[in-house]
Amino acid sequence: MSDIDRALLRDMLRVRRFEERCVELYSATKIRGFLHVYIGEEAVATGVMSALTAEDAVVATYREHGHALLRGMSARLVMAEMYGKVTGCSRGRGGSMHLFDKDLRFYGGNAIVGGGLPTAVGLALADHLRKRDTVTVCFFGEGAMAEGEFHESMNLAELWHLPVLFVCENNLYAMGTALKRSESEINLPMKAASYEMPAWSVDGMDVRAVAETARRAVDSIRAGGGPHFLEARTYRFRAHSMFDPERYRDKAEVKLWRERDPVDLFTAVLRDEGVLDDATLQVMEAEIAAEIEDAVQFAEQSPDEEIGDLLRFVYSPTSTAAGRPS
């Protein structure tokens, strides 16, 4: 098995097992607040992230645990944030939807639908003005394409020829609303192409296809091609969030998509190619299980925020008339 294939499989398994554990912990009330898991969509972030460098910037949505892990954030930091502990990446103040790491150039985690799009354009504009050879990747769901931020961001990105890759994770449902019920034009690349940028679709359940297509887009952007749009057609196997009764789609549809589970599909491909055996897979699963258990224990043993610190970071320092902190 090549190093690239090994990394792709391991990354998808790591995200899947981490979130399966989060669901268990949420049910046990260890994790509170909202929880939106990425299970079923792992091939998208895994494939796209494989095309990036450490200098590139990433903006994600509220379903971003996998993106954070794939970007390099430790499982400990993410799990502690889920628990609301001070050792989390946002000191436990943001929780599931607000994972952030400036050093990794991972800018969220954004709880507002479409809210990451203008952020990504701003990051790309800053890098462009500084003449940095970087790409900003913005992940968002298809529901965001009905928001005003989408159109404003696409327009400015193309107008200013910014190095942005817009990645629409089209899982067919914006919360409980089917795509065909929320958008008059469901050919999503066509909408993006109307802003004069290259726009492609890819099978979001095929990690190799995603990785190859993302690489082509990132190379083109880095070569001065301006913004690109990529639609990854995927599916979330679980409900929108832990509070969702999921009455808007039937079990037969979910079952049909589960037959195209990206982790199972890629595992089967590697077995058919004769490069993956049971022993290798067992070792990989054991390493991932150990990492997740370590993260859980870290979160369990981490302290809560001190009561005396609860007002820290709530307000910025008092500013002078010149706009500088006093």
# chains A, B, ... in the order shown; residues from 1 in each chain; ligands from 1
$ select_by_dssp --residues "range 179-249 of chain A" --states "helix (DSSP H, G or I)" --output "ChimeraX atom specification"
/A:179-182,188-193,207-225
$ residues_around --residues "Met175 in chain A" --least-positions-apart "5" --cutoff "9 Å" --atoms "only C-alpha atoms" --output "PyMOL selection string"
chain A and resi 143+239-241+244
$ write_last_selection --atoms "all heavy atoms" --output "PDB file, in the first residue's frame"
ATOM      1  N   GLY A 143     -26.709  24.219   1.763  1.00  0.00           N
ATOM      2  CA  GLY A 143     -27.671  25.184   2.284  1.00  0.00           C
ATOM      3  C   GLY A 143     -27.123  26.596   2.287  1.00  0.00           C
ATOM      4  O   GLY A 143     -27.877  27.567   2.156  1.00  0.00           O
ATOM      5  N   ALA A 239     -28.334  11.919  11.722  1.00  0.00           N
ATOM      6  CA  ALA A 239     -29.212  13.085  11.666  1.00  0.00           C
ATOM      7  C   ALA A 239     -28.394  14.373  11.627  1.00  0.00           C
ATOM      8  O   ALA A 239     -27.190  14.370  11.871  1.00  0.00           O
ATOM      9  CB  ALA A 239     -30.135  13.082  12.879  1.00  0.00           C
ATOM     10  N   HIS A 240     -29.067  15.480  11.333  1.00  0.00           N
ATOM     11  CA  HIS A 240     -28.375  16.777  11.254  1.00  0.00           C
ATOM     12  C   HIS A 240     -27.610  17.058  12.538  1.00  0.00           C
ATOM     13  O   HIS A 240     -26.460  17.479  12.510  1.00  0.00           O
ATOM     14  CB  HIS A 240     -29.398  17.889  10.998  1.00  0.00           C
ATOM     15  CG  HIS A 240     -28.850  19.266  11.141  1.00  0.00           C
ATOM     16  ND1 HIS A 240     -27.983  19.814  10.210  1.00  0.00           N
ATOM     17  CD2 HIS A 240     -28.998  20.198  12.123  1.00  0.00           C
ATOM     18  CE1 HIS A 240     -27.644  21.030  10.612  1.00  0.00           C
ATOM     19  NE2 HIS A 240     -28.231  21.289  11.755  1.00  0.00           N
ATOM     20  N   SER A 241     -28.255  16.865  13.676  1.00  0.00           N
ATOM     21  CA  SER A 241     -27.603  17.040  14.973  1.00  0.00           C
ATOM     22  C   SER A 241     -28.206  16.011  15.925  1.00  0.00           C
ATOM     23  O   SER A 241     -29.118  15.263  15.568  1.00  0.00           O
ATOM     24  CB  SER A 241     -27.816  18.452  15.518  1.00  0.00           C
ATOM     25  OG  SER A 241     -29.153  18.614  15.980  1.00  0.00           O
ATOM     26  N   ASP A 244     -32.050  16.107  16.290  1.00  0.00           N
ATOM     27  CA  ASP A 244     -32.855  16.008  15.074  1.00  0.00           C
ATOM     28  C   ASP A 244     -33.624  14.681  15.050  1.00  0.00           C
ATOM     29  O   ASP A 244     -33.004  13.608  15.014  1.00  0.00           O
ATOM     30  CB  ASP A 244     -31.899  16.105  13.876  1.00  0.00           C
ATOM     31  CG  ASP A 244     -32.613  15.973  12.553  1.00  0.00           C
ATOM     32  OD1 ASP A 244     -33.854  15.934  12.539  1.00  0.00           O
ATOM     33  OD2 ASP A 244     -31.919  15.895  11.529  1.00  0.00           O
TER      34      ASP A 244
END
$ residues_around --residues "Ser2 in chain A" --least-positions-apart "6" --cutoff "12 Å" --atoms "only C-alpha atoms" --output "VMD selection string"
chain A and resid 8 to 9 270 273 to 276
$ write_last_selection --atoms "N, CA, C and O atoms" --output "mmCIF file, in the first residue's frame"
data_model
loop_
_atom_site.group_PDB
_atom_site.id
_atom_site.type_symbol
_atom_site.label_atom_id
_atom_site.label_comp_id
_atom_site.auth_asym_id
_atom_site.auth_seq_id
_atom_site.Cartn_x
_atom_site.Cartn_y
_atom_site.Cartn_z
ATOM 1 N N LEU A 8 -4.675 8.279 3.478
ATOM 2 C CA LEU A 8 -6.086 8.554 3.198
ATOM 3 C C LEU A 8 -6.991 7.637 4.023
ATOM 4 O O LEU A 8 -7.979 8.086 4.621
ATOM 5 N N LEU A 9 -6.658 6.350 4.061
ATOM 6 C CA LEU A 9 -7.485 5.409 4.825
ATOM 7 C C LEU A 9 -7.403 5.703 6.314
ATOM 8 O O LEU A 9 -8.439 5.738 7.013
ATOM 9 N N LEU A 270 -8.752 -1.228 -1.708
ATOM 10 C CA LEU A 270 -7.376 -1.582 -1.339
ATOM 11 C C LEU A 270 -7.225 -3.091 -1.176
ATOM 12 O O LEU A 270 -6.181 -3.666 -1.516
ATOM 13 N N GLU A 273 -7.064 -4.607 -4.587
ATOM 14 C CA GLU A 273 -5.755 -4.351 -5.208
ATOM 15 C C GLU A 273 -4.648 -5.169 -4.547
ATOM 16 O O GLU A 273 -3.495 -5.141 -4.996
ATOM 17 N N GLY A 274 -5.022 -5.874 -3.464
ATOM 18 C CA GLY A 274 -4.057 -6.738 -2.790
ATOM 19 C C GLY A 274 -3.024 -6.008 -1.959
ATOM 20 O O GLY A 274 -1.948 -6.552 -1.670
ATOM 21 N N VAL A 275 -3.337 -4.771 -1.553
ATOM 22 C CA VAL A 275 -2.345 -3.992 -0.799
ATOM 23 C C VAL A 275 -2.748 -3.784 0.659
ATOM 24 O O VAL A 275 -2.030 -3.131 1.417
ATOM 25 N N LEU A 276 -3.919 -4.302 1.065
ATOM 26 C CA LEU A 276 -4.376 -4.152 2.449
ATOM 27 C C LEU A 276 -4.820 -5.505 2.976
ATOM 28 O O LEU A 276 -5.639 -6.192 2.344
#
$ closest_residue --among "A:Val137, A:Met205, A:Ala268, A:Ala144" --to "Pro227 in chain A" --atoms "only C-alpha atoms"
A:Val137
$ residues_around --residues "Gly47 in chain A" --least-positions-apart "4" --cutoff "7 Å" --atoms "only C-alpha atoms" --output "count of residues only"
5
$ closest_residue --among "A:Phe100, A:Met145, A:Arg249, A:Asp5" --to "Arg271 in chain A" --atoms "only C-alpha atoms"
A:Asp5
$ residues_around --residues "Ala80 in chain A" --least-positions-apart "5" --cutoff "10 Å" --atoms "only C-alpha atoms" --output "MDAnalysis selection string"
chainID A and resid 31 75 85:92 95:96 295:304
$ closest_residue --among "A:Ile112, A:Leu311, A:Val202, A:Leu159" --to "Val48 in chain A" --atoms "only C-alpha atoms"
A:Val202
$ select_by_dssp --residues "range 213-295 of chain A" --states "strand (DSSP E)" --output "PyMOL selection string"
chain A and resi 228-233
$ atom_distance --atom1 "CA of Leu172 in chain A" --atom2 "CA of Gly72 in chain A"
28.2 Å
$ closest_residue --among "A:Ala45, A:Ala252, A:Leu179, A:Leu281" --to "Thr267 in chain A" --atoms "only C-alpha atoms"
A:Leu281
$ closest_residue --among "A:Met82, A:Leu13, A:Ile39, A:Ala217" --to "Glu287 in chain A" --atoms "only C-alpha atoms"
A:Leu13
$ closest_atom_pairs --of "range 135-236 of chain A" --to "range 66-71 of chain A" --cutoff "12 Å" --atoms "only C-alpha atoms" --output "tab-separated table"
residue	atom	partner	partner_atom	distance
A:Val137	CA	A:His67	CA	11.0
A:Cys138	CA	A:His67	CA	10.8
A:Phe139	CA	A:His67	CA	9.1
A:Phe140	CA	A:His67	CA	11.5
$ closest_residue --among "A:Asp11, A:Glu19, A:Asp3, A:Glu55" --to "Arg238 in chain A" --atoms "only C-alpha atoms"
A:Glu19
$ residues_around --residues "Met73 in chain A" --least-positions-apart "5" --cutoff "8 Å" --atoms "only C-alpha atoms" --output "list in words"
Ala68, Val78, Asp101 and Leu104 of chain A
$ residues_around --residues "Glu231 in chain A" --least-positions-apart "6" --cutoff "8 Å" --atoms "only C-alpha atoms" --output "PDB file with N, CA and C atoms, in the first residue's frame"
ATOM      1  N   VAL A 167     -15.386  24.808  -1.399  1.00  0.00           N
ATOM      2  CA  VAL A 167     -15.758  23.383  -1.418  1.00  0.00           C
ATOM      3  C   VAL A 167     -17.151  23.228  -0.828  1.00  0.00           C
ATOM      4  N   CYS A 168     -18.113  22.944  -1.679  1.00  0.00           N
ATOM      5  CA  CYS A 168     -19.487  22.724  -1.223  1.00  0.00           C
ATOM      6  C   CYS A 168     -19.670  21.246  -0.919  1.00  0.00           C
ATOM      7  N   GLU A 169     -19.917  20.932   0.347  1.00  0.00           N
ATOM      8  CA  GLU A 169     -20.182  19.552   0.759  1.00  0.00           C
ATOM      9  C   GLU A 169     -21.688  19.322   0.632  1.00  0.00           C
ATOM     10  N   ASN A 170     -22.080  18.875  -0.535  1.00  0.00           N
ATOM     11  CA  ASN A 170     -23.510  18.732  -0.841  1.00  0.00           C
ATOM     12  C   ASN A 170     -24.027  17.385  -0.323  1.00  0.00           C
ATOM     13  N   LEU A 188     -25.400  22.893  -8.844  1.00  0.00           N
ATOM     14  CA  LEU A 188     -24.617  23.839  -8.043  1.00  0.00           C
ATOM     15  C   LEU A 188     -23.384  24.380  -8.765  1.00  0.00           C
ATOM     16  N   PRO A 189     -22.644  23.563  -9.506  1.00  0.00           N
ATOM     17  CA  PRO A 189     -21.511  24.136 -10.256  1.00  0.00           C
ATOM     18  C   PRO A 189     -21.948  25.198 -11.255  1.00  0.00           C
ATOM     19  N   ALA A 199     -15.688  25.557 -12.175  1.00  0.00           N
ATOM     20  CA  ALA A 199     -16.548  24.886 -11.204  1.00  0.00           C
ATOM     21  C   ALA A 199     -16.717  23.427 -11.611  1.00  0.00           C
ATOM     22  N   TRP A 200     -16.421  22.525 -10.667  1.00  0.00           N
ATOM     23  CA  TRP A 200     -16.459  21.097 -10.959  1.00  0.00           C
ATOM     24  C   TRP A 200     -17.278  20.357  -9.908  1.00  0.00           C
ATOM     25  N   SER A 201     -17.717  19.147 -10.269  1.00  0.00           N
ATOM     26  CA  SER A 201     -18.348  18.227  -9.318  1.00  0.00           C
ATOM     27  C   SER A 201     -17.481  16.991  -9.187  1.00  0.00           C
ATOM     28  N   VAL A 202     -17.564  16.356  -8.019  1.00  0.00           N
ATOM     29  CA  VAL A 202     -16.815  15.128  -7.808  1.00  0.00           C
ATOM     30  C   VAL A 202     -17.622  14.215  -6.893  1.00  0.00           C
TER      31      VAL A 202
END
$ atom_distance --atom1 "CA of Ala286 in chain A" --atom2 "CA of Tyr26 in chain A"
22.6 Å
